[in-house]
file coords00.cif (mmCIF, C-alpha atoms and all ligand atoms)
data_final
loop_
_atom_site.label_atom_id
_atom_site.label_comp_id
_atom_site.auth_asym_id
_atom_site.auth_seq_id
_atom_site.Cartn_x
_atom_site.Cartn_y
_atom_site.Cartn_z
CA MET A 19 0.00 0.00 0.00
CA ASP A 20 1.55 3.35 -0.90
CA LYS A 21 1.85 6.27 1.48
CA ASP A 22 -0.89 8.35 -0.18
CA ARG A 23 -3.36 5.48 0.15
CA VAL A 24 -2.45 5.03 3.84
CA LEU A 25 -2.85 8.76 4.50
CA SER A 26 -6.15 8.86 2.66
CA ILE A 27 -7.57 5.98 4.77
CA ILE A 28 -6.28 7.56 8.00
CA GLY A 29 -7.98 10.81 6.94
CA ASP A 30 -11.22 8.89 6.29
CA VAL A 31 -11.00 7.23 9.72
CA ARG A 32 -10.58 10.67 11.32
CA ASN A 33 -13.53 12.09 9.40
CA GLY A 34 -15.69 9.09 10.11
CA ASN A 35 -16.05 8.14 6.45
CA VAL A 36 -13.95 5.01 6.40
CA SER A 37 -15.46 1.80 5.04
CA GLY A 38 -14.98 -1.59 6.73
CA PRO A 39 -12.77 -3.02 3.92
CA ASP A 40 -10.55 0.12 3.90
CA PHE A 41 -10.09 -0.13 7.65
CA LEU A 42 -9.09 -3.80 7.28
CA GLU A 43 -6.68 -2.96 4.48
CA LEU A 44 -4.98 -0.35 6.66
CA ARG A 45 -4.71 -2.75 9.58
CA ALA A 46 -3.26 -5.51 7.43
CA HIS A 47 -0.71 -3.04 6.06
CA ILE A 48 0.37 -1.86 9.51
CA ASP A 49 0.40 -5.43 10.90
CA GLY A 50 2.64 -6.53 8.03
CA MET A 51 5.23 -3.82 8.60
CA ASP A 52 8.84 -4.71 9.37
CA PRO A 53 8.95 -4.57 13.18
CA HIS A 54 12.56 -3.27 13.05
CA LEU A 55 11.65 -0.35 10.84
CA ASN A 56 12.66 2.78 12.69
CA THR A 57 11.91 5.57 10.25
CA LYS A 58 9.75 8.56 11.11
CA TRP A 59 7.00 7.11 8.91
CA GLY A 60 7.35 3.68 10.57
CA ARG A 61 7.09 5.23 14.03
CA ARG A 62 4.06 7.23 12.97
CA LEU A 63 2.28 4.15 11.66
CA LYS A 64 3.09 2.21 14.83
CA LYS A 65 1.59 5.04 16.85
CA ILE A 66 -1.56 4.78 14.75
CA LEU A 67 -1.54 1.03 15.27
CA SER A 68 -1.39 1.48 19.03
CA ARG A 69 -4.37 3.84 18.77
CA ILE A 70 -6.30 1.40 16.63
CA GLY A 71 -5.80 -1.00 19.50
CA ASN A 72 -5.07 -4.60 20.00
CA VAL A 73 -7.30 -6.23 17.43
CA HIS A 74 -7.72 -9.89 18.27
CA SER A 75 -8.64 -11.01 14.79
CA ASN A 76 -9.69 -9.52 11.50
CA ASP A 77 -12.72 -11.76 11.76
CA LEU A 78 -13.93 -9.79 14.78
CA LEU A 79 -13.29 -6.51 13.01
CA GLU A 80 -15.23 -7.70 9.99
CA ARG A 81 -18.16 -8.65 12.18
CA LEU A 82 -18.13 -5.22 13.80
CA THR A 83 -17.90 -3.16 10.68
CA PRO A 84 -20.65 -4.13 8.34
CA ASP A 85 -21.98 -1.01 6.66
CA CYS A 86 -23.68 -0.07 9.88
CA PRO A 87 -23.19 3.59 10.86
CA GLN A 88 -23.71 2.87 14.58
CA ASP A 89 -20.91 0.28 14.59
CA LEU A 90 -18.58 2.49 12.62
CA ASN A 91 -19.27 5.57 14.76
CA LEU A 92 -18.32 3.65 17.87
CA LEU A 93 -15.29 1.99 16.30
CA ARG A 94 -13.95 5.36 15.17
CA LEU A 95 -14.46 6.92 18.57
CA ALA A 96 -12.84 3.97 20.35
CA THR A 97 -9.91 3.97 17.96
CA PHE A 98 -8.95 7.51 18.78
CA ALA A 99 -9.45 6.99 22.50
CA GLY A 100 -7.06 3.99 22.28
CA ILE A 101 -9.76 1.55 23.38
CA ASP A 102 -9.37 -2.10 22.42
CA ILE A 103 -11.71 -3.43 19.74
CA LYS A 104 -12.80 -6.18 22.16
CA GLU A 105 -14.46 -3.45 24.22
CA VAL A 106 -16.22 -2.18 21.10
CA GLY A 107 -17.51 -5.72 20.51
CA GLU A 108 -18.84 -5.94 24.07
CA VAL A 109 -20.68 -2.65 23.80
CA LEU A 110 -22.18 -3.38 20.38
CA TYR A 111 -23.40 -6.90 21.19
CA PHE A 112 -24.62 -5.77 24.62
CA ASN A 113 -26.66 -2.96 23.10
CA GLN A 114 -27.96 -5.12 20.27
CA ALA A 115 -29.53 -7.28 22.99
CA VAL A 116 -30.64 -4.33 25.12
CA THR A 117 -32.29 -2.33 22.34
CA ALA A 118 -34.09 -5.41 20.97
CA VAL A 119 -35.74 -5.89 24.37
CA LEU A 120 -36.03 -2.38 25.81
CA GLY A 121 -36.12 -0.11 22.77
CA ASP A 122 -33.57 2.28 21.34
CA HIS A 123 -34.34 5.57 23.03
CA PHE A 124 -34.26 6.67 26.66
CA ASP A 125 -34.44 10.17 28.08
CA HIS A 126 -31.83 9.11 30.63
CA VAL A 127 -29.21 6.41 30.46
CA TYR A 128 -27.13 5.61 33.55
CA ASP A 129 -23.80 3.97 32.76
CA LEU A 130 -22.66 2.72 36.17
CA CYS A 131 -19.07 1.60 36.82
CA SER A 132 -18.55 3.19 33.44
CA GLY A 133 -14.73 2.90 33.15
CA ASN A 134 -13.80 3.97 29.62
CA GLY A 135 -17.33 5.30 29.01
CA LEU A 136 -17.83 3.44 25.75
CA ASN A 137 -21.24 2.07 26.67
CA GLY A 138 -22.74 5.46 27.41
CA ALA A 139 -20.98 6.79 24.32
CA TYR A 140 -22.93 4.35 22.13
CA TRP A 141 -26.18 5.94 23.30
CA LEU A 142 -24.84 9.48 22.96
CA ILE A 143 -23.23 9.40 19.54
CA ASN A 144 -26.16 7.58 17.98
CA ASP A 145 -28.61 10.11 19.42
CA MET A 146 -30.42 7.42 21.40
CA ALA A 147 -30.35 9.14 24.82
CA GLY A 148 -31.52 12.54 25.98
CA ARG A 149 -28.76 12.51 28.59
CA VAL A 150 -26.13 10.00 29.73
CA HIS A 151 -25.06 9.93 33.38
CA TYR A 152 -21.72 8.26 33.99
CA PHE A 153 -20.78 7.03 37.44
CA ASP A 154 -17.39 5.63 38.34
CA LEU A 155 -15.18 5.70 41.37
CA LYS A 156 -12.07 6.46 39.36
CA LYS A 157 -10.92 8.71 36.52
CA ASN A 158 -10.21 6.66 33.43
CA HIS A 159 -7.60 7.87 30.94
CA HIS A 160 -9.46 6.34 28.00
CA PHE A 161 -12.58 8.21 29.04
CA GLU A 162 -10.60 11.46 29.20
CA LYS A 163 -9.74 10.98 25.50
CA LEU A 164 -13.14 9.64 24.51
CA ARG A 165 -15.02 12.59 25.96
CA ASN A 166 -13.46 14.88 23.30
CA GLY A 167 -15.59 13.06 20.74
CA LEU A 168 -18.84 13.16 22.73
CA PRO A 169 -21.75 15.56 22.34
CA SER A 170 -22.34 17.67 25.46
CA ASN A 171 -25.45 15.96 26.85
CA TYR A 172 -23.63 13.83 29.43
CA GLU A 173 -22.24 14.18 32.92
CA HIS A 174 -19.60 12.23 34.78
CA HIS A 175 -19.74 11.64 38.53
CA GLY A 176 -16.79 10.36 40.52
CA VAL A 177 -18.86 8.40 42.99
CA ASN A 178 -18.50 5.20 45.01
CA ILE A 179 -21.87 3.61 44.29
CA LEU A 180 -21.52 1.26 47.27
CA GLU A 181 -21.24 4.16 49.69
CA GLU A 182 -23.16 7.07 48.21
CA ASP A 183 -26.80 7.22 47.14
CA ILE A 184 -27.30 8.18 43.54
CA GLU A 185 -30.42 9.80 42.18
CA ILE A 186 -31.96 8.46 39.02
CA GLU A 187 -34.90 9.64 36.96
CA LYS A 188 -37.94 7.40 36.73
CA GLY A 189 -37.91 5.36 33.51
CA GLY A 190 -34.20 5.83 32.82
CA LEU A 191 -32.14 2.85 31.71
CA VAL A 192 -29.64 1.64 34.30
CA ALA A 193 -26.82 -0.19 32.53
CA SER A 194 -23.51 -1.63 33.54
CA ILE A 195 -20.96 -3.80 31.79
CA HIS A 196 -18.55 -5.80 33.94
CA ALA A 197 -19.23 -4.27 37.31
CA CYS A 198 -17.22 -6.67 39.48
CA GLY A 199 -18.92 -8.97 42.01
CA VAL A 200 -21.36 -7.27 44.34
CA LEU A 201 -21.27 -4.09 42.23
CA THR A 202 -23.55 -5.82 39.73
CA ASP A 203 -26.00 -6.54 42.59
CA LYS A 204 -25.77 -2.91 43.65
CA VAL A 205 -26.49 -1.71 40.09
CA MET A 206 -29.57 -3.95 39.91
CA ASN A 207 -30.72 -2.74 43.33
CA ILE A 208 -30.37 0.92 42.29
CA ALA A 209 -32.61 0.25 39.28
CA MET A 210 -35.12 -1.92 41.14
CA ALA A 211 -35.52 0.58 44.01
CA GLN A 212 -37.06 2.98 41.45
CA ARG A 213 -38.62 0.26 39.27
CA ASN A 214 -36.44 1.30 36.34
CA PRO A 215 -35.34 -1.05 33.55
CA PHE A 216 -31.81 -2.39 33.83
CA ALA A 217 -29.25 -4.30 31.80
CA VAL A 218 -26.06 -5.75 33.23
CA VAL A 219 -23.16 -7.94 32.17
CA PRO A 220 -21.90 -9.42 35.44
CA CYS A 221 -18.17 -9.83 35.97
CA CYS A 222 -15.87 -11.74 38.32
CA ASN A 223 -17.39 -12.75 41.67
CA ASP A 224 -15.68 -13.02 45.03
CA TYR A 225 -17.43 -16.30 45.97
CA ASP A 226 -16.84 -15.90 49.71
CA ASN A 227 -18.26 -12.39 49.67
CA ASN A 228 -21.28 -12.63 47.43
CA VAL A 229 -24.68 -11.48 48.67
CA HIS A 230 -26.63 -14.59 47.69
CA PHE A 231 -24.92 -17.66 49.18
CA SER A 232 -22.79 -18.26 52.24
CA PRO A 233 -19.34 -19.84 51.67
CA GLU A 234 -20.74 -23.08 53.16
CA VAL A 235 -23.39 -23.25 50.41
CA ILE A 236 -21.58 -21.87 47.36
CA LYS A 237 -18.81 -24.44 47.77
CA TYR A 238 -21.22 -27.13 46.53
CA PHE A 239 -21.71 -25.46 43.12
CA GLU A 240 -19.38 -26.31 40.27
CA ASP A 241 -20.63 -23.30 38.25
CA LYS A 242 -20.50 -20.70 41.03
CA ASP A 243 -20.94 -17.71 38.69
CA GLY A 244 -23.98 -19.42 37.15
CA ALA A 245 -25.48 -20.00 40.61
CA ILE A 246 -24.96 -16.36 41.58
CA ASP A 247 -26.53 -15.13 38.33
CA ALA A 248 -29.50 -17.46 38.80
CA ALA A 249 -29.97 -15.97 42.28
CA ARG A 250 -29.81 -12.46 40.79
CA ILE A 251 -32.48 -13.36 38.24
CA ARG A 252 -34.66 -14.94 40.92
CA LYS A 253 -34.39 -11.82 43.08
CA ALA A 254 -35.41 -9.57 40.19
CA GLN A 255 -38.37 -11.84 39.40
CA GLU A 256 -39.44 -11.76 43.05
CA GLN A 257 -39.42 -7.97 42.83
CA GLY A 258 -41.84 -8.05 39.93
CA TYR A 259 -39.42 -7.90 37.02
CA ASN A 260 -39.54 -9.84 33.79
CA VAL A 261 -36.03 -10.98 33.04
CA VAL A 262 -34.48 -11.69 29.65
CA LEU A 263 -31.13 -13.45 29.43
CA ARG A 264 -28.91 -12.91 26.39
CA ALA A 265 -25.19 -13.32 25.69
CA VAL A 266 -22.29 -11.51 24.08
CA PRO A 267 -20.31 -13.96 21.86
CA LYS A 268 -17.84 -15.88 24.02
CA ASP A 269 -14.84 -15.08 21.84
CA ILE A 270 -15.31 -11.41 22.73
CA THR A 271 -15.67 -11.96 26.48
CA THR A 272 -16.09 -15.03 28.64
CA GLN A 273 -17.97 -12.95 31.22
CA ASN A 274 -20.69 -12.73 28.64
CA LYS A 275 -24.16 -13.00 30.16
CA VAL A 276 -26.49 -10.08 29.55
CA ILE A 277 -29.23 -9.88 32.19
CA ILE A 278 -32.03 -7.52 31.22
CA GLY A 279 -34.77 -6.54 33.66
CA ILE A 280 -38.12 -5.06 32.70
CA PRO A 281 -40.42 -3.86 35.49
CA SER A 282 -43.73 -5.65 35.00
CA ASP A 283 -45.86 -2.70 36.16
C1 LIG B 301 -14.09 -4.02 35.17
S1 LIG B 301 -14.32 -2.29 35.09
C2 LIG B 301 -15.58 -2.14 33.86
C3 LIG B 301 -15.59 -0.79 33.21
C4 LIG B 301 -16.52 -0.61 32.02
N1 LIG B 301 -17.91 -0.74 32.35
C5 LIG B 301 -16.17 -1.58 30.91
O1 LIG B 301 -16.95 -2.45 30.56
O2 LIG B 301 -15.05 -1.46 30.39
C6 LIG B 301 -15.14 -1.91 36.59
C7 LIG B 301 -15.28 -0.41 36.85
O3 LIG B 301 -15.96 -0.23 38.08
C8 LIG B 301 -15.41 0.89 38.75
N2 LIG B 301 -15.72 0.75 40.19
C9 LIG B 301 -15.19 -0.14 41.06
N3 LIG B 301 -15.75 0.01 42.27
C10 LIG B 301 -16.65 1.02 42.16
C11 LIG B 301 -17.54 1.64 43.09
N4 LIG B 301 -17.61 1.23 44.37
N5 LIG B 301 -18.31 2.67 42.67
C12 LIG B 301 -18.24 3.09 41.37
N6 LIG B 301 -17.42 2.52 40.46
C13 LIG B 301 -16.63 1.50 40.84
C14 LIG B 301 -13.93 0.81 38.44
O4 LIG B 301 -13.28 2.05 38.62
C15 LIG B 301 -13.96 0.33 36.98
O5 LIG B 301 -13.95 1.42 36.10
#

call {"tool": "encode", "arguments": {"input": "coords00.cif", "output": "structure tokens", "more": "lines below"}}
Ligand SMILES: C[S@@+](CC[C@H](N)C(=O)[O-])C[C@H]1O[C@@H](n2cnc3c(N)ncnc32)[C@H](O)[C@@H]1O
result
Amino acid sequence: MDKDRVLSIIGDVRNGNVSGPDFLELRAHIDGMDPHLNTKWGRRLKKILSRIGNVHSNDLLERLTPDCPQDLNLLRLATFAGIDIKEVGEVLYFNQAVTAVLGDHFDHVYDLCSGNGLNGAYWLINDMAGRVHYFDLKKNHHFEKLRNGLPSNYEHHGVNILEEDIEIEKGGLVASIHACGVLTDKVMNIAMAQRNPFAVVPCCNDYDNNVHFSPEVIKYFEDKDGAIDAARIRKAQEQGYNVVLRAVPKDITTQNKVIIGIPSD
């Protein structure tokens, strides 16, 4: 690939006009570069490669970049925030499931334990949320880059959701991807206290400190994460929620269950 072609694709990526095949061509070119090349141009391309992120396979990239503007918008934003394509996959498959069940517009979306902010960004850049409210304990350097590409209708709160109460608007979507252990339970509780819809992808559990089973009971389960998720679903059902269970493809994340709760009243 000659330099003009590379520059033209990079320009298209920046402007948001890049096509899936062009993006793949650029990646293949950068991947195939001599690793010992130490020219200014070589260093520049490597820098771009590090921004494009650690693509696991072209197959994944192809799946994420059909001629779908939502996918491409998110991929472009993630690329320039240095966010791994695996994270893009999680957000896209998560929201495919969520929007199919709950619809594709909310006045308020709460992205709890938001980390890099990519989930809330999906709702913002595709004009699917009136306002996105991010909550996370920590500052995230990817989010600091990502926010440059966001419209202004969002806010970010540095809050420990286990210790501080957070206020949410009735009807708003409460969402969280990979909130570790009891944080997922807390996210569900925040939504259920207001009878709001929720969608979560649970993450790693500390089996001895989960809120559903004592260590003496959980030790009998081979699939401890499955048991904890079943208990979460049961609790939501007992609180009058209809629950839908979906999954993100396992090659994108092994912590891949999507639990969606719809208040029945
Ligand atoms: C595994 S990361 C997931 C981040 C993001 N949702 C994603 O999918 O990439 C968990 C996030 O929860 C945040 N977190 C941990 N404890 C928290 C707490 N008590 N209150 C709010 N956020 C918390 C961390 O700072 C981190 O960003």

call {"tool": "axis_aligned_box", "arguments": {"input": "coords00.cif", "around": "ligand LIG 301 (chain B)", "padding_each_side": "4 Å", "output": "AutoDock Vina command-line options"}}
result
--center_x -15.8 --center_y -0.5 --center_z 37.4 --size_x 13.0 --size_y 15.1 --size_z 22.0

call {"tool": "residues_near_point", "arguments": {"input": "coords00.cif", "point": "(-17.1, -19.9, 34.9)", "cutoff": "12 Å", "atoms": "all atoms listed in the file", "output": "list of chain:residue names"}}
result
A:Pro220, A:Cys221, A:Cys222, A:Asn223, A:Tyr225, A:Phe239, A:Glu240, A:Asp241, A:Lys242, A:Asp243, A:Gly244, A:Ala245, A:Ile246, A:Asp247, A:Lys268, A:Thr271, A:Thr272, A:Gln273, A:Asn274, A:Lys275

call {"tool": "residues_near_ligand", "arguments": {"input": "coords00.cif", "ligand": "ligand LIG 301 (chain B)", "cutoff": "9 Å", "atoms": "only C-alpha atoms and all ligand atoms", "output": "ChimeraX atom specification"}}
result
/A:105,108-109,129-137,153-158,176-182,193-198,201,219,221-222

call {"tool": "atom_distance", "arguments": {"input": "coords00.cif", "atom1": "atom CA of A:Leu92", "atom2": "atom CA of A:Tyr152"}}
result
17.1 Å

call {"tool": "closest_residue", "arguments": {"input": "coords00.cif", "among": "A:Gly279, A:Gly29, A:Pro233, A:Pro215", "to": "A:Leu263", "atoms": "all atoms listed in the file"}}
result
A:Gly279

call {"tool": "closest_residue", "arguments": {"input": "coords00.cif", "among": "A:Met210, A:Leu142, A:Ala217, A:Val200", "to": "A:Thr117", "atoms": "all atoms listed in the file"}}
result
A:Ala217

call {"tool": "residues_near_point", "arguments": {"input": "coords00.cif", "point": "(-27.4, -11.6, 40.0)", "cutoff": "8 Å", "atoms": "all atoms listed in the file", "output": "ChimeraX atom specification"}}
result
/A:202-203,206,220,246-251,253
